[in-house]
Every structure is written in C-alpha cells, then in structure tokens.
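> I have a structure I would like to understand better, so I am pasting it below and will then ask my questions one at a time.
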Number of protein chains: 2
Amino acid sequence: MANTLSQNVIERWGVYEVSCPGNSKGNPFTDYTIQGVFTHKNETVKVDGFYDGDGNYKVRFMPSYSGEYTYEITGSFSEKTFTGNFTVKEPSAGNHGPVRVANTFHFVYEDGTPFYPVGTTCYVWELQNEELQKKTLETLSKGYFNKIRFCIFPKHYDYNLNEPRSYPYEGKPMDSSVLNKTNFFQYMRAGKEEGNDWDFSRFNPKHFRHIEKCIASLCSLGIQADLIVMHPYDRWGFSRMTAEQDDLYWKYVIARFSAYRNVWWSLANEYDLMPQKKINDWERYASIICDKDPYSRLRSIHNCMPFYDYTRPWITHCCIQRQDIYKCAELTAEYRQRYKKPIVLDEIAYEGNIQHGWGNISGKEMVRRFWEAACRGGYAGHGETFMHPQDILWWSHGGGLHGDSPERLKFLQRILKETPVLGLAPMQGNWDEIIATVDQTIRTAEYYLYYFSFMHPSFHDFYFNDDWEYQVDVIDTWEMTIEDRGYFKGKFRIELPGKDLMAIRISKKNDAF
Amino acid sequence: MANTLSQNVIERWGVYEVSCPGNSKGNPFTDYTIQGVFTHKNETVKVDGFYDGDGNYKVRFMPSYSGEYTYEITGSFSEKTFTGNFTVKEPSAGNHGPVRVANTFHFVYEDGTPFYPVGTTCYVWELQNEELQKKTLETLSKGYFNKIRFCIFPKHYDYNLNEPRSYPYEGKPMDSSVLNKTNFFQYMRAGKEEGNDWDFSRFNPKHFRHIEKCIASLCSLGIQADLIVMHPYDRWGFSRMTAEQDDLYWKYVIARFSAYRNVWWSLANEYDLMPQKKINDWERYASIICDKDPYSRLRSIHNCMPFYDYTRPWITHCCIQRQDIYKCAELTAEYRQRYKKPIVLDEIAYEGNIQHGWGNISGKEMVRRFWEAACRGGYAGHGETFMHPQDILWWSHGGGLHGDSPERLKFLQRILKETPVLGLAPMQGNWDEIIATVDQTIRTAEYYLYYFSFMHPSFHDFYFNDDWEYQVDVIDTWEMTIEDRGYFKGKFRIELPGKDLMAIRISKKNDAF
C-alpha cells in the first residue's frame, strides 16, 4: 500500500496514495478542497482527497487497469498542483479485484472468479484492544468467512458498554462510569446533552487510519469489509448529528475508504431503529456515495423490522435481517423474485446462548439456515453470541469462535465453489424438495443440489431422463463428508442415512466442463 | 356393552343396545325403517337403528343421565313394537363421558374433567391381522395418546397396498395382484371399472361390528376414536359412490357408531384430494350427521392443502394439516383468532424416515411442534413412519412405536393436565418469547409456561410485580425432567442449560387453588 509520493509501482486494484502537505489553518477538515485526477489510456478518474492531520492531505485511488497512470492533485488546500505518474502491474496471487454483482443474483470478483459470500458479523472488533484484534484476525485467517460486517462508529449495546480504543471525532465522551446493564438502554440515543463533548467538524484521523489498517488486513486475508457506516447503538451522539454533519462524515468516509477494493457500503445496521433519520436522509447518503465513490462499491442497508425498499436503483444487493422467528432463509426464492438482486441474509440469528432470541440458536440451526439460503440461490450470514466470563462475544468483539457452525460454513463455501458455473438457483421440485440448480440463462452444465434440511429420509428416488449418466455425491453437511456414489442413469434410488442436514449433489457426466 | 334385550343395567354414557328380529326379505339395508325412542325424566332421544344381518335389527343409545329409562322401537322392519326399560347407574372409574368443546378453545369430558388431546394417527390399524391389532392396543395401553384417527374404509396408499381384513360392502374387490409400488397411484380413484364388484346398497355387518369392537377397546383405554368416515386413498371405488350411496353409508355409520361416547366424526381425511366430492356434498354429509347423531359428537374435516371453511357452524373444532413445510404449530394463535374454535393440528408431519417430507421429521422436531401448539393454546397430532422390513408403519398399520417422541408426548400430556384451570392460551410477550398462560376470561390462577423451542438461552429474566411470590419449575421437555427452583419475587433470573426444548413453568403462590 502506498503511503508516500515516492511509490512508483503498485498492483492492479491496489491502493495508490498521494500524500501532500497543505494548509492547516482554520479547520482543514472543512475549509479546503482537495481533488485528484488519475489518468490511464482506459480511464480518467476523479476522486476527493481528505485531511489526515498534521498538515497532511491525502488522495487515494484504486487503478482498474495495469499500465501507466498519471495524476494531478489540485484544490484550495495548497497553492501548488501536485503531479506524478506510476505504473500498475498485474495483480499478485490472491488479488482478484473488487467484488461485483453478476448473473443478477450472485457476485464475482473483477477478474471473473466467483465470489460466494459466507459472511460473519463482529460489530466493533476493530475497536478492541490490540491483543483481541490480533486474535480476531488469527481466527479469520482460518478461512471460515470471506466477508465481515463491522461498524465505523463505536457501539453501545448489551454486553458491549466499554469505551472504544478511539473515537471518530475530536472531543470527549460522556462519563460512562454510571453505566450498568439495566440503564444502558436509556443512554442509547442520549446524545450530546448527557455530557458528550465532540467537535463534529473535526475528525480524529487516528481512528480512521486504524480502520484502514484493519480493512487492509482483511483484504490480505481475502475478506470483504462490509462497512456499517451508521448504526443506532449509540451513547455518544454519533447517530444524532445534523444533516450537514452527517454529510461531512459520509464524504470523509468515502474519501478515505473507497479505494480499498474489499470495501462494501452498508449504509446502516437496523436503519429503522434510527427514527431520527428519515428515508430522505438515507437516500441523500446514497446519493453522496453514488456521487463520490468512483468505483461503485457494493451498496445496501440492513433492517431490523421493515425492509428498506430494495428495489431502489442504488442498492446493489439485499441485506436482510429475518422478519420471522422461524422462517427467513426459507424465503430466499421469494426475495429473489421480488427484488431481482443478490439476496444476502446478513442476520438470521446468531449461534450462541444469550437470553435474546436473535442470539441463541444452535450451530445446527445456523448451518441449516445457511444451506436453505444457498440452495435457494442466496447467501446467509453468521454471528456468534456465547456467554463469556469477560463479555467477549464474537458478534461484538471478535476474538475466538466457540460454536459448531464455522467449520461447517467453510465446508459449505467449498461446496459453493464447486458449482460448475456461477451461482445456484432454486428449482421447482415436489413440495418437500429443496433443490438448487445452476443459475444460468443458457445452461452449460446440468447440476442439482438436493438439500433435505430437517427432514430424515432414508432414500430419495430420481429420474432425469433415460439417456444421460449422472454422478452422485451424498453430502453430510454437518459431518462435512462427501461420499461419491458413482454414476446413475434412468430411474435410480439413492440411499440416505435417515438423519438431518443431508444433501445429494448430482452432476451430469459431461465433457463440456 | 349390551348385546341383547336382557341387559337391564348399564352405566351412564355407556351403550344401550336393543336387538330385534325383523324382516329380511328384499334388501333389509334399504327397504325398511327402524327407530327407537328412549325416555328419561330429563331427556327423550330418537335414534335410527340399523340392520345387522341375519334377520337382526339393532338400535343403540347412549344415556346422558343416570336413573330409569324406557324405550320403544318401531318401524317397517317389523309389525311389532318393541318396548322395555333399563336402569342407568353412575359411571365407573375412568368413564368421564363424551368429550365436548369448552372454554372456546378446549375440551372437557362431560363430567368436567379436562381433556387435553394428544392424538396419533393409524389409518387402518383396525383392518390389519389380529396379532397386529393386539400389538397396537398394547402399544396404545401405555398412555402415549388419548385420541387416535382411523378410517372406516380400507386404505390404498404407499406402503399399504394389501387387502384389508374385511370390506364394508357385499361384493368382491378388484384383483390386486397387479399392484406394485409404481403403478399404485393409477389405481387410486380407479373405482368399479377396474374390476371391483360391490353392492353399495348392502353393507357387510362384520366389517362394522369389528370396528365397533375396536372403538370399544379404545374407549376402555380412555382413547377417543376420531373416525375418518371418507378418504381418497382408494382403489375399490368407496370414494366414488353416488350421492345416494354416500348418504346411505353415512346414515348406517351414524346409526351404528354414534352411541359410543369416544367417537369423533372426521368427515374426511384430505377432503380436497377428493375432487369428485364438492363442498355441497360435504355440507350435505354434515347435515346428515347433525340430523342423525343425537349426541352432537365432535365434528371436523381434515385438509391436504386448502383448509375447509372452519367457520361453518357444524364444525366443532379445526382439524388442520399444516400448509407450510416449516411453520404450522407456530401459527396456532393466528388460527385461534381466525376460527374461535379449538385448534387441533392433526397432521404436522410424522416422525420417521420415509422418502416423503410429511413422513420424515425427527422425534425432537415432533416434540417441538407439539409444545409450540400447546403453548399457543392448541393441540398437535402425532404419527410415525419408519421404514420397516414388512412395511408395518404405525401411521398406517399400528403395531409398535419406534420413535423418540411418544414418551415425550406422554410427558407433555402430564404437563397439560397440571394446568391449574382448563386450557392454555398464548400470551403476548417479547417477540422471542413463546408464553402460555391460562385460558380463562376470569383468571382464577396466575400461571405462565415459557417455552424456548429451538432457542438455547442460558438464562431468562422475569418481572411480574414486587408483591407476589412465584414458584418456578425448569422443565426439560426432551429429558422429561421437572426441576423445582423454589420461590421468587420481584425481578428474578432463572438460569438455563443453554440447550433446546426447555421450558419454565411459573405459578403464583396462591392459596386460591
């Protein structure tokens, strides 16, 4: 990652950073402008820069092509114009570029590699102490997940009443020594009047620099950073700023983070728990992103109860919290039909044992929900909320994982990666059949994934046609075994062990792929 | 049970039977009438009799009062009028009378004892060989269930292609040697044209006598006989008779069976799979029951897909098959609101491992669904479909039970019986709380049953008020343990083991009950 003007070579989809000294009188966060124009034979990209403190301004850019780039940095921050050039080489192994929507309901990396999201949520893992952050990254390095949702603002909520490692603004927080488990809800949404003292026009660059470091660490692990830009779990007043302050924040966030190829924008977690923000506000933030993020990173917004209108054109994919205690992933096909966008069920309850119904499902139920979503052509999200003697819960703090689901979700990711073409789609079978097939208008492969969920059949009968041979795998999604049963033709029966969470994968014997 | 004129004393709610010789020329099933009038100081009841073969006519009657009865039997079956009298004594232990609807959503026996249905389904257990029937009754004698659904007509369906022990009509069935597992569906609804040869105007009394014996055996075990009078699983043509033949059948069935206090009328199983019968037909059958059954036995009708209109006044309780693969018992409260009648979910899938989605849930899922229904103020039904080397599946044939749920359903029945007043009702709690309380307009007790279903909380916090003490039991609905945690007051926390299928029972310390 480039930190100075001196770097001359970066790789495609890396971050090129231009650092320029500039005016530090008054309020550099609001009083001056800075813009960069980056030029390649295939693209000319304008981006806003930002003030990074200590008289330093920065402009960041992600090149979409390899080859030669030139740039020009201008603005009122300096009387000088800064220019330069650099070379973009081909990406290194593991750098597949940013993730885009593809095939209506799915995702691919820019280089064409399919991306099958298997995400988790650790709301403020990056605002914990260094040791805990390190442990989180170690856990994440095991490859359970390829996407993580987390917040830019600190979080105030049950099991998470501590102060964060840093704040996004200059100033001082309220005295939190008065907090306890029973009065914490009254401090949510309390805002400035309760003793917070922030200057919402002056950011704390250290806070953002740290988050950038974390985004980069995730990137090097191949993990998408699904950034939650706003949220309601707040005792500091960050959720109750004015429209002007909000917009300043959005522009700063976009200028700093958008060049990182693994960034996704989640406008909010549980947007509907922030009654102080109206639909017009969310739409305005969306306009700012669309205007200021030159890379069109993935954009969505997460609900508590009512869904946001996912048909809005700026929303690239649905980010859904379940609305029903019993059914959610099971509704994936209906959501696909309704929204014609990728369905990412980012909150389907968490594996754990806390008192809340959203935080105490079993590992089996978590894994079942993931498979229900996957076999209906969508994607689920993980979280973990086990009671802990120091109140370190993965869902909020990261750390280690204690549940049974992560290994099985990694296994699911493997199965998804083995899909012959990009993405699964639900197929209509009998009422009791959950069948995924390949999601292609022109089918280049014949592939079926039968999932039996909570059902315990001891066999299943198949008939596709009399002519073709099909290779059959019996998958135990819980034990993570794949048993090759060989080739079948015509009517055939596959024996099953009469237990739950089984699947049968059927691929046409086909020289075409 | 009275078999002759000579019996002079029966117990209240027993069956009094008058047997009279009569005309056997022509077709005694259609050519003659027979009616009895039974008189007590509190009631005068008119009932139809029936021809029982061999020149014998019978009239059956269930007395609702103890004391002296007289009767008079008349009709074209004989030139004579038969009269007599008998004494009705108080019921013996275990005889609580017939079951009625009470408290809108629940059931009581006539003597006021609550009846909490925990039913099962063995469609044609009574048409199997003697040994198997005996085994079924032995199994039922263990007290797992207090209601059983079964058919009067034989059943033709997957795993049950054999001939029954007897037929309801004189004649001969089609040749079933051509049947196999793949062509059996084409024989369903085939009717007479495929080689059946029945006289639908002449019943086979042996068939009905045997069913009566079975009804009486169930009665002596304290089990309600939920008689399925019509059904679509047919290769003999019994589901495709004319309206006139149907009506004759209904009248014969009512005349024979209605005096048995444990009889419930289920007009059909999966009425909507019989397109040859229209709503007008079902309504006509209902009129016949209302007209001919002097005891107003419980009446309902069971669906496959669309519900029958349970608001129809003749329907005493809803008999529901789930419409959704994931949710059914969970909808009990909605059904209560919609229909204002007892909700009996008589088909919520069966514990087992056959290939069909309706027949391969786990014992845990079965028990979970029962508790979901119970804690929402309704009742679920059991069935079992495990693969068997001789194709003996409880759901169809009876025999032994192989699943994990029956013991747990017996345990649930115990818990239900311990409800301080008649019946549970759903109580609105937090979105993740499933709470039952007592279903009384005037609450004479304070009682709460919290059920945690698939959730795994490690504790739950309670607060009712500062003044009263509450006794708390922690119930493991799977391990069938009840742990008395003692008395609590004000705000209190109950620790839980962080596993599924747990419940907490809370009763106000109350001298009033």
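Ordered as shown in the structure tokens, chains take letters A, B, and onward, while each chain numbers its residues from 1 and ligands are numbered from 1 in the order shown.
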With DSSP run on the backbone, what are the strand (DSSP E) residues within region 71-287 of chain B? I'd like them as a ChimeraX atom specification.
/B:71-74,82-89,99-102,106-109,114-115,119-121,147-151,169-172,197-203,224-230,263-268
> Residues of chain A near chain B: apply a cut-off of 10 Å, count only C-alpha atoms, and supply the list as a PyMOL selection string.
chain A and resi 324-327+330+351-362+365+386-387+430-433+452-461+495-500
> I'd like the neighbourhood of region 80-87 of chain B as a ChimeraX atom specification, where a residue qualifies if any of its atoms comes within 10 Å (using only C-alpha atoms), though same-chain residues fewer than 6 positions away should be ignored.
/B:5-12,16,18-22,36-40,63,65-74
> CA of Arg202 (chain B) and CA of Leu248 (chain B), how far apart in Å?
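A separation of 9.7 Å between them.
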> Could you tell me which of A:Ala333, A:Val101, A:Leu267, A:Met366 comes closest to Thr113 (chain A) if we count only C-alpha atoms?
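Distance minimum relative to Thr113 (chain A) lands on A:Val101.
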> Need to verify the contact set: Phe150 (chain A), 6 Å, only C-alpha atoms, exclusion of same-chain residues closer than 6 positions in sequence. Can you return it as a list of chain:residue names?
A:Cys122, A:Tyr123, A:Val124, A:Leu227, A:Ile228
> Please identify all polymer residues within 8 Å of Leu409 (chain A), counting only C-alpha atoms, omitting same-chain residues fewer than 4 positions from it, and present them as an MDAnalysis selection string.
chainID A and resid 118 144:145 367 370 405 413
> For Lys410 (chain B), list every protein, DNA or RNA residue within 12 Å, evaluated using only C-alpha atoms, and leave out those in the same chain fewer than 2 positions away; present the list as a ChimeraX atom specification.
/B:116-120,140-146,367,370-371,382,404-408,412-417,477-478,480
> Convert the current residue selection to file output with C-alpha atoms, as a PDB file, in the first residue's frame.

```pdb
ATOM      1  CA  TYR B 116     -56.134 -32.339  26.515  1.00  0.00           C
ATOM      2  CA  PRO B 117     -55.891 -34.116  23.179  1.00  0.00           C
ATOM      3  CA  VAL B 118     -52.556 -35.720  22.400  1.00  0.00           C
ATOM      4  CA  GLY B 119     -53.544 -37.726  19.386  1.00  0.00           C
ATOM      5  CA  THR B 120     -51.996 -40.070  16.893  1.00  0.00           C
ATOM      6  CA  LEU B 140     -51.805 -47.678  22.982  1.00  0.00           C
ATOM      7  CA  SER B 141     -52.327 -49.004  26.502  1.00  0.00           C
ATOM      8  CA  LYS B 142     -49.056 -47.306  27.506  1.00  0.00           C
ATOM      9  CA  GLY B 143     -50.848 -43.976  27.591  1.00  0.00           C
ATOM     10  CA  TYR B 144     -48.890 -42.040  24.997  1.00  0.00           C
ATOM     11  CA  PHE B 145     -52.043 -40.844  23.289  1.00  0.00           C
ATOM     12  CA  ASN B 146     -55.650 -40.134  24.207  1.00  0.00           C
ATOM     13  CA  VAL B 367     -41.997 -32.829  20.227  1.00  0.00           C
ATOM     14  CA  PHE B 370     -46.381 -30.293  19.981  1.00  0.00           C
ATOM     15  CA  TRP B 371     -45.071 -27.803  22.516  1.00  0.00           C
ATOM     16  CA  HIS B 382     -48.598 -37.491  16.192  1.00  0.00           C
ATOM     17  CA  ASP B 404     -38.384 -40.927  20.322  1.00  0.00           C
ATOM     18  CA  SER B 405     -41.433 -38.720  20.601  1.00  0.00           C
ATOM     19  CA  PRO B 406     -44.182 -40.846  22.226  1.00  0.00           C
ATOM     20  CA  GLU B 407     -42.660 -40.859  25.734  1.00  0.00           C
ATOM     21  CA  ARG B 408     -42.189 -37.087  25.480  1.00  0.00           C
ATOM     22  CA  LEU B 412     -46.449 -33.153  27.692  1.00  0.00           C
ATOM     23  CA  GLN B 413     -49.865 -34.592  28.461  1.00  0.00           C
ATOM     24  CA  ARG B 414     -48.870 -34.700  32.110  1.00  0.00           C
ATOM     25  CA  ILE B 415     -47.800 -31.046  31.987  1.00  0.00           C
ATOM     26  CA  LEU B 416     -51.067 -30.086  30.310  1.00  0.00           C
ATOM     27  CA  LYS B 417     -53.054 -31.954  32.954  1.00  0.00           C
ATOM     28  CA  THR B 477     -39.232 -31.249  27.623  1.00  0.00           C
ATOM     29  CA  TRP B 478     -36.870 -33.710  25.954  1.00  0.00           C
ATOM     30  CA  MET B 480     -38.681 -35.150  30.714  1.00  0.00           C
TER      31      MET B 480
END
```
> When DSSP is applied to the backbone of this structure, which of region 216-410 of chain A are assigned alpha helix (DSSP H)? Write them out as a PyMOL selection string.
chain A and resi 216-220+243-257+279-292+332-339+363-375+394-397+405-410
